[in-house]
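**Student:** After the structure tokens below, expect a handful of questions from me.
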Amino acid sequence: MNDRQIKAFVEAARLLNFTKAAEKLYVPQSQVSRAIKGLEDELGVILFDRENSRSIKLSLAGEKYYSLFKRFDAELAKTRESLRDETHELRLGYNIGWNISHFLPQVIDKCRKTYDDFSVRIECLSFETLMNKLQSGQLDAVLSLDDYMQGASELGIKYEVVTEVNRSIIYSHKLLDKKVTSPKELKGVKMFVAEDPKLREIISLIGFNLRPYNFIPEIEVVPNLESMFANVQNARGIMLADEWVAMGGGTEIHSIGISSKANVALAWHENALNREVALFKEELQEYFKD
């Protein structure tokens, strides 16, 4: 058995729901089911009485193992945290699709002047997942646009703006068979937007940013950033992006700037402003002040 199997069992036993356990652990439900089945096979017992896929309860053996593994999981987490106290690692999350290599290595080097073993473990995820992992203590800090952080204080999240980025429209040369010199030339072209909990606010922001150009595009919602860019690459339309979004596609992909900027903020849980977060925030703000 391994700690992933135990973690899956403990979450499923606590929630009595495999789907919710998978969401909590940020893994597919099939992975939770396989982990628990493997644990049952190894222990030689049935841990859950499964009435159907949506209704489960702990078996008698499951109740005993839940009591044992819950203590084990808590002790393991405590031990890992104590070991982290002896190092200076920052668990940092930021928006999927961003390329921040133009500043992150330099900021890490600055932090190492204070702690020579300072390191950063990186996760690139959707904003919703980033904030969930920040809340649950799986990340120490999150770097994202502050547009998304409005109301985060209700969740115990604090944040500070560290810099701002320009926004632009991304398009393919194949779309109009030319480079455009003004967003006005893109009037009538479809714009792709990724599915997001704040979709209404995003669409409203697009309208606000493009209204000065007499350009209110037709919006098509797609699952994610990768789908947005695939549609742009294949000349199906355009997308709005900030300057940190990493764009491939070679010489056929162009951008046209608009008169709009976005604030980038660093967020952390109000109860977890540890020494690594505090140092990273300080050096990050210092970097962008120069």
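Ordering of the structure tokens sets the chain letters (A, B, ...), residue numbers begin anew at 1 in every chain, and ligands are numbered from 1 in the order given.
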Give the alpha helix (DSSP H) residues of region 124-207 of chain A, as assigned by DSSP on the backbone, as a list of chain:residue names.
**Tutor:**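 After running DSSP on the backbone, region 124-207 of chain A has alpha helix (DSSP H) at A:Phe127, A:Glu128, A:Thr129, A:Leu130, A:Met131, A:Asn132, A:Lys133, A:Leu134, A:Gln135, A:His173, A:Lys174, A:Leu175, A:Leu176, A:Leu199, A:Arg200, A:Glu201, A:Ile202, A:Ile203, A:Ser204, A:Leu205, A:Ile206, A:Gly207.
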**Student:** Region 112-186 of chain A: which residues are strand (DSSP E or B) by DSSP, as number ranges by chain?
**Tutor:** A: 118-125, 141-145, 157-172
**Student:** Selected residues, N, CA and C atoms, written as a PDB file, in the first residue's frame, please.
**Tutor:**
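Writing done, so here's out.pdb:
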ATOM      1  N   PHE A 118      16.614  28.012  -0.725  1.00  0.00           N
ATOM      2  CA  PHE A 118      15.281  28.392  -1.183  1.00  0.00           C
ATOM      3  C   PHE A 118      14.989  27.733  -2.531  1.00  0.00           C
ATOM      4  N   SER A 119      13.800  27.130  -2.651  1.00  0.00           N
ATOM      5  CA  SER A 119      13.402  26.504  -3.921  1.00  0.00           C
ATOM      6  C   SER A 119      11.911  26.708  -4.136  1.00  0.00           C
ATOM      7  N   VAL A 120      11.485  26.504  -5.375  1.00  0.00           N
ATOM      8  CA  VAL A 120      10.076  26.671  -5.723  1.00  0.00           C
ATOM      9  C   VAL A 120       9.572  25.418  -6.423  1.00  0.00           C
ATOM     10  N   ARG A 121       8.448  24.899  -5.930  1.00  0.00           N
ATOM     11  CA  ARG A 121       7.754  23.818  -6.615  1.00  0.00           C
ATOM     12  C   ARG A 121       6.548  24.428  -7.327  1.00  0.00           C
ATOM     13  N   ILE A 122       6.423  24.182  -8.633  1.00  0.00           N
ATOM     14  CA  ILE A 122       5.464  24.889  -9.474  1.00  0.00           C
ATOM     15  C   ILE A 122       4.309  23.985  -9.893  1.00  0.00           C
ATOM     16  N   GLU A 123       3.094  24.559  -9.875  1.00  0.00           N
ATOM     17  CA  GLU A 123       1.933  23.913 -10.465  1.00  0.00           C
ATOM     18  C   GLU A 123       1.204  24.940 -11.313  1.00  0.00           C
ATOM     19  N   CYS A 124       0.885  24.576 -12.563  1.00  0.00           N
ATOM     20  CA  CYS A 124       0.129  25.450 -13.466  1.00  0.00           C
ATOM     21  C   CYS A 124      -1.273  24.869 -13.634  1.00  0.00           C
ATOM     22  N   LEU A 125      -2.287  25.606 -13.191  1.00  0.00           N
ATOM     23  CA  LEU A 125      -3.649  25.088 -13.135  1.00  0.00           C
ATOM     24  C   LEU A 125      -4.641  26.192 -13.494  1.00  0.00           C
ATOM     25  N   ALA A 141       1.203  29.777  -2.221  1.00  0.00           N
ATOM     26  CA  ALA A 141       0.904  31.058  -2.853  1.00  0.00           C
ATOM     27  C   ALA A 141       0.454  30.834  -4.286  1.00  0.00           C
ATOM     28  N   VAL A 142      -0.322  31.789  -4.795  1.00  0.00           N
ATOM     29  CA  VAL A 142      -0.849  31.725  -6.161  1.00  0.00           C
ATOM     30  C   VAL A 142      -0.613  33.064  -6.839  1.00  0.00           C
ATOM     31  N   LEU A 143      -0.142  32.992  -8.064  1.00  0.00           N
ATOM     32  CA  LEU A 143       0.075  34.176  -8.890  1.00  0.00           C
ATOM     33  C   LEU A 143      -0.964  34.150 -10.006  1.00  0.00           C
ATOM     34  N   SER A 144      -1.802  35.192 -10.059  1.00  0.00           N
ATOM     35  CA  SER A 144      -2.869  35.222 -11.061  1.00  0.00           C
ATOM     36  C   SER A 144      -3.329  36.659 -11.265  1.00  0.00           C
ATOM     37  N   LEU A 145      -4.272  36.850 -12.199  1.00  0.00           N
ATOM     38  CA  LEU A 145      -4.846  38.173 -12.408  1.00  0.00           C
ATOM     39  C   LEU A 145      -5.775  38.515 -11.252  1.00  0.00           C
ATOM     40  N   ILE A 157      -8.685  34.366   1.856  1.00  0.00           N
ATOM     41  CA  ILE A 157      -7.546  34.597   0.970  1.00  0.00           C
ATOM     42  C   ILE A 157      -7.188  36.077   0.963  1.00  0.00           C
ATOM     43  N   LYS A 158      -5.900  36.374   1.102  1.00  0.00           N
ATOM     44  CA  LYS A 158      -5.402  37.740   0.962  1.00  0.00           C
ATOM     45  C   LYS A 158      -4.539  37.822  -0.294  1.00  0.00           C
ATOM     46  N   TYR A 159      -4.445  39.007  -0.872  1.00  0.00           N
ATOM     47  CA  TYR A 159      -3.591  39.161  -2.052  1.00  0.00           C
ATOM     48  C   TYR A 159      -3.099  40.596  -2.172  1.00  0.00           C
ATOM     49  N   GLU A 160      -1.988  40.741  -2.884  1.00  0.00           N
ATOM     50  CA  GLU A 160      -1.430  42.064  -3.174  1.00  0.00           C
ATOM     51  C   GLU A 160      -1.030  42.118  -4.640  1.00  0.00           C
ATOM     52  N   VAL A 161      -1.329  43.222  -5.277  1.00  0.00           N
ATOM     53  CA  VAL A 161      -0.924  43.428  -6.675  1.00  0.00           C
ATOM     54  C   VAL A 161       0.590  43.612  -6.726  1.00  0.00           C
ATOM     55  N   VAL A 162       1.231  42.916  -7.668  1.00  0.00           N
ATOM     56  CA  VAL A 162       2.693  43.007  -7.777  1.00  0.00           C
ATOM     57  C   VAL A 162       3.141  43.677  -9.067  1.00  0.00           C
ATOM     58  N   THR A 163       2.308  43.618 -10.117  1.00  0.00           N
ATOM     59  CA  THR A 163       2.661  44.272 -11.372  1.00  0.00           C
ATOM     60  C   THR A 163       1.426  44.324 -12.261  1.00  0.00           C
ATOM     61  N   GLU A 164       1.565  44.854 -13.448  1.00  0.00           N
ATOM     62  CA  GLU A 164       0.478  44.860 -14.408  1.00  0.00           C
ATOM     63  C   GLU A 164       0.982  44.370 -15.756  1.00  0.00           C
ATOM     64  N   VAL A 165       0.069  43.814 -16.553  1.00  0.00           N
ATOM     65  CA  VAL A 165       0.433  43.282 -17.865  1.00  0.00           C
ATOM     66  C   VAL A 165      -0.499  43.870 -18.922  1.00  0.00           C
ATOM     67  N   ASN A 166       0.015  43.994 -20.125  1.00  0.00           N
ATOM     68  CA  ASN A 166      -0.787  44.490 -21.238  1.00  0.00           C
ATOM     69  C   ASN A 166      -1.682  43.388 -21.785  1.00  0.00           C
ATOM     70  N   ARG A 167      -2.829  43.787 -22.304  1.00  0.00           N
ATOM     71  CA  ARG A 167      -3.715  42.850 -22.981  1.00  0.00           C
ATOM     72  C   ARG A 167      -3.634  43.083 -24.498  1.00  0.00           C
ATOM     73  N   SER A 168      -3.844  42.006 -25.250  1.00  0.00           N
ATOM     74  CA  SER A 168      -3.827  42.128 -26.710  1.00  0.00           C
ATOM     75  C   SER A 168      -4.746  41.093 -27.328  1.00  0.00           C
ATOM     76  N   ILE A 169      -5.044  41.278 -28.597  1.00  0.00           N
ATOM     77  CA  ILE A 169      -5.836  40.316 -29.362  1.00  0.00           C
ATOM     78  C   ILE A 169      -4.871  39.435 -30.148  1.00  0.00           C
ATOM     79  N   ILE A 170      -5.081  38.120 -30.057  1.00  0.00           N
ATOM     80  CA  ILE A 170      -4.242  37.153 -30.755  1.00  0.00           C
ATOM     81  C   ILE A 170      -5.009  36.624 -31.968  1.00  0.00           C
ATOM     82  N   TYR A 171      -4.344  36.578 -33.115  1.00  0.00           N
ATOM     83  CA  TYR A 171      -4.996  36.087 -34.337  1.00  0.00           C
ATOM     84  C   TYR A 171      -3.966  35.420 -35.240  1.00  0.00           C
ATOM     85  N   SER A 172      -4.449  34.683 -36.202  1.00  0.00           N
ATOM     86  CA  SER A 172      -3.577  34.025 -37.177  1.00  0.00           C
ATOM     87  C   SER A 172      -3.557  34.818 -38.470  1.00  0.00           C
TER      88      SER A 172
END
**Student:** List as JSON lines every residue of region 52-171 of chain A that is in contact with region 24-36 of chain A, defined as an atom at most 9 Å from one of its atoms (using only C-alpha atoms), together with the nearest atom pair and the distance in Å rounded to one decimal, sorted by chain and then rising number.
**Tutor:**
{"residue": "A:Thr129", "atom": "CA", "partner": "A:Tyr26", "partner_atom": "CA", "distance": 8.1}
{"residue": "A:Asn132", "atom": "CA", "partner": "A:Lys24", "partner_atom": "CA", "distance": 8.6}
{"residue": "A:Lys133", "atom": "CA", "partner": "A:Tyr26", "partner_atom": "CA", "distance": 8.8}
{"residue": "A:Ser136", "atom": "CA", "partner": "A:Lys24", "partner_atom": "CA", "distance": 8.9}
**Student:** Emit the selected residues as a PDB file, in the first residue's frame, including N, CA, C and O atoms.
**Tutor:**
ATOM      1  N   THR A 129      -9.015  25.892  -9.667  1.00  0.00           N
ATOM      2  CA  THR A 129      -8.255  24.839  -8.999  1.00  0.00           C
ATOM      3  C   THR A 129      -7.136  25.432  -8.148  1.00  0.00           C
ATOM      4  O   THR A 129      -6.857  24.953  -7.040  1.00  0.00           O
ATOM      5  N   ASN A 132      -8.669  26.608  -4.923  1.00  0.00           N
ATOM      6  CA  ASN A 132      -9.066  25.473  -4.079  1.00  0.00           C
ATOM      7  C   ASN A 132      -7.845  24.875  -3.378  1.00  0.00           C
ATOM      8  O   ASN A 132      -7.898  24.540  -2.188  1.00  0.00           O
ATOM      9  N   LYS A 133      -6.754  24.750  -4.118  1.00  0.00           N
ATOM     10  CA  LYS A 133      -5.549  24.161  -3.528  1.00  0.00           C
ATOM     11  C   LYS A 133      -4.903  25.124  -2.528  1.00  0.00           C
ATOM     12  O   LYS A 133      -4.291  24.696  -1.549  1.00  0.00           O
ATOM     13  N   SER A 136      -6.967  24.735   0.639  1.00  0.00           N
ATOM     14  CA  SER A 136      -6.770  23.461   1.328  1.00  0.00           C
ATOM     15  C   SER A 136      -5.352  23.285   1.851  1.00  0.00           C
ATOM     16  O   SER A 136      -5.034  22.271   2.473  1.00  0.00           O
TER      17      SER A 136
END
**Student:** So which residues touch Ser227 (chain A) within 10 Å, counting only C-alpha atoms, skipping near sequence neighbours fewer than 5 positions away, as a PyMOL selection string?
**Tutor:** chain A and resi 192-194+221-222+232-233
**Student:** Go ahead and write the residues just picked, all heavy atoms, as a short mmCIF file (atom, residue, chain, number, x, y, z; two decimals), in the first residue's frame.
**Tutor:**
data_model
loop_
_atom_site.label_atom_id
_atom_site.label_comp_id
_atom_site.auth_asym_id
_atom_site.auth_seq_id
_atom_site.Cartn_x
_atom_site.Cartn_y
_atom_site.Cartn_z
N PHE A 192 -12.97 33.63 -29.18
CA PHE A 192 -13.09 32.44 -28.35
C PHE A 192 -12.73 32.75 -26.90
O PHE A 192 -11.74 33.44 -26.63
CB PHE A 192 -12.20 31.32 -28.90
CG PHE A 192 -12.67 30.83 -30.25
CD1 PHE A 192 -12.16 31.37 -31.42
CD2 PHE A 192 -13.67 29.87 -30.33
CE1 PHE A 192 -12.62 30.95 -32.65
CE2 PHE A 192 -14.13 29.43 -31.56
CZ PHE A 192 -13.61 29.98 -32.73
N VAL A 193 -13.54 32.22 -25.99
CA VAL A 193 -13.37 32.43 -24.56
C VAL A 193 -13.46 31.08 -23.87
O VAL A 193 -14.31 30.25 -24.21
CB VAL A 193 -14.46 33.38 -24.00
CG1 VAL A 193 -14.32 33.53 -22.50
CG2 VAL A 193 -14.39 34.73 -24.69
N ALA A 194 -12.57 30.84 -22.89
CA ALA A 194 -12.57 29.57 -22.18
C ALA A 194 -13.66 29.54 -21.11
O ALA A 194 -13.95 30.55 -20.47
CB ALA A 194 -11.21 29.32 -21.53
N VAL A 221 -17.82 30.01 -26.55
CA VAL A 221 -17.19 29.46 -25.34
C VAL A 221 -16.64 28.07 -25.65
O VAL A 221 -17.34 27.22 -26.21
CB VAL A 221 -18.20 29.39 -24.18
CG1 VAL A 221 -17.54 28.82 -22.93
CG2 VAL A 221 -18.77 30.78 -23.89
N VAL A 222 -15.38 27.86 -25.27
CA VAL A 222 -14.70 26.57 -25.48
C VAL A 222 -14.18 26.08 -24.12
O VAL A 222 -14.14 26.84 -23.16
CB VAL A 222 -13.55 26.69 -26.50
CG1 VAL A 222 -14.11 27.00 -27.88
CG2 VAL A 222 -12.56 27.76 -26.09
N VAL A 232 -7.74 29.64 -32.77
CA VAL A 232 -7.01 30.77 -33.37
C VAL A 232 -6.01 30.26 -34.41
O VAL A 232 -5.92 30.80 -35.52
CB VAL A 232 -6.28 31.58 -32.27
CG1 VAL A 232 -5.33 32.60 -32.90
CG2 VAL A 232 -7.29 32.28 -31.38
N GLN A 233 -5.25 29.22 -34.07
CA GLN A 233 -4.27 28.66 -35.01
C GLN A 233 -4.92 28.24 -36.32
O GLN A 233 -4.33 28.37 -37.39
CB GLN A 233 -3.58 27.44 -34.38
CG GLN A 233 -2.47 27.77 -33.40
CD GLN A 233 -1.81 26.51 -32.89
OE1 GLN A 233 -2.48 25.59 -32.42
NE2 GLN A 233 -0.50 26.45 -32.99
#
**Student:** Using only C-alpha atoms, which protein or nucleic acid residues come within 9 Å of Leu175 (chain A)? Drop anything in the same chain fewer than 5 positions from it, and give the result as a PyMOL selection string.
**Tutor:** chain A and resi 232-238
**Student:** Phe280 (chain A): which residues within 9 Å, counting only C-alpha atoms, same-chain residues fewer than 6 positions away excluded, as a list in words?
**Tutor:**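 Contacts, in chain order: Leu90, Val107, Ile108, Lys110 and Cys111 of chain A.
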**Student:** What's the 12 Å shell around Ser67 (chain A), counting only C-alpha atoms, without same-chain residues fewer than 5 positions away, as a VMD selection string?
**Tutor:** chain A and resid 6 9 to 10 13 to 14 58 60 to 62 72 to 74
**Student:** What's around Ser126 (chain A) at 9 Å? Count only C-alpha atoms, leave out sequence neighbours fewer than 2 positions away in its own chain, and write the answer as a list of chain:residue names.
**Tutor:**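 Within the cut-off, the hits are A:Tyr94, A:Asn95, A:Ile96, A:Cys124, A:Glu128, A:Thr129, A:Leu130, A:Met131, A:Asp196, A:Asn224.
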**Student:** Work out how far CA of Ile100 (chain A) is from CA of Thr251 (chain A), in Å to one decimal.
**Tutor:**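 Atom-to-atom, CA of Thr251 (chain A) and CA of Ile100 (chain A) are spaced 21.3 Å apart.
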**Student:** Report the distance between CA of Phe18 (chain A) and CA of Arg50 (chain A) in Å, rounded to one decimal place.
**Tutor:**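 CA of Arg50 (chain A) lies at a distance of 10.8 Å from CA of Phe18 (chain A).
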**Student:** Under the rule that only C-alpha atoms are counted, which of A:Thr114, A:Phe215, A:Val245, A:Leu39 is the nearest residue to Glu282 (chain A)?
**Tutor:**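 With only C-alpha atoms as the atom set, the closest residue is A:Thr114.
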**Student:** Measuring between only C-alpha atoms, which one of A:Glu218, A:Glu243, A:Glu270, A:Glu276 shows the shortest distance to Trp98 (chain A)?
**Tutor:**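 Checking each candidate against Trp98 (chain A), we get A:Glu243 as the closest.
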**Student:** Ranking A:His173, A:Glu226, A:Val277, A:Thr79 by minimum distance to His254 (chain A) and counting only C-alpha atoms, which one comes first?
**Tutor:** A:His173
**Student:** Quick one: of A:Met228, A:Ile256, A:Gln138, A:Asp147, who's nearest to Leu186 (chain A), counting only C-alpha atoms?
**Tutor:**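 So, comparing all the options, the nearest one is A:Ile256.
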**Student:** Please, what distance in Å, to one decimal, runs between CA of Arg200 (chain A) and CA of Asn263 (chain A)?
**Tutor:**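 Spanning CA of Arg200 (chain A) to CA of Asn263 (chain A) is a straight-line distance of 19.0 Å.
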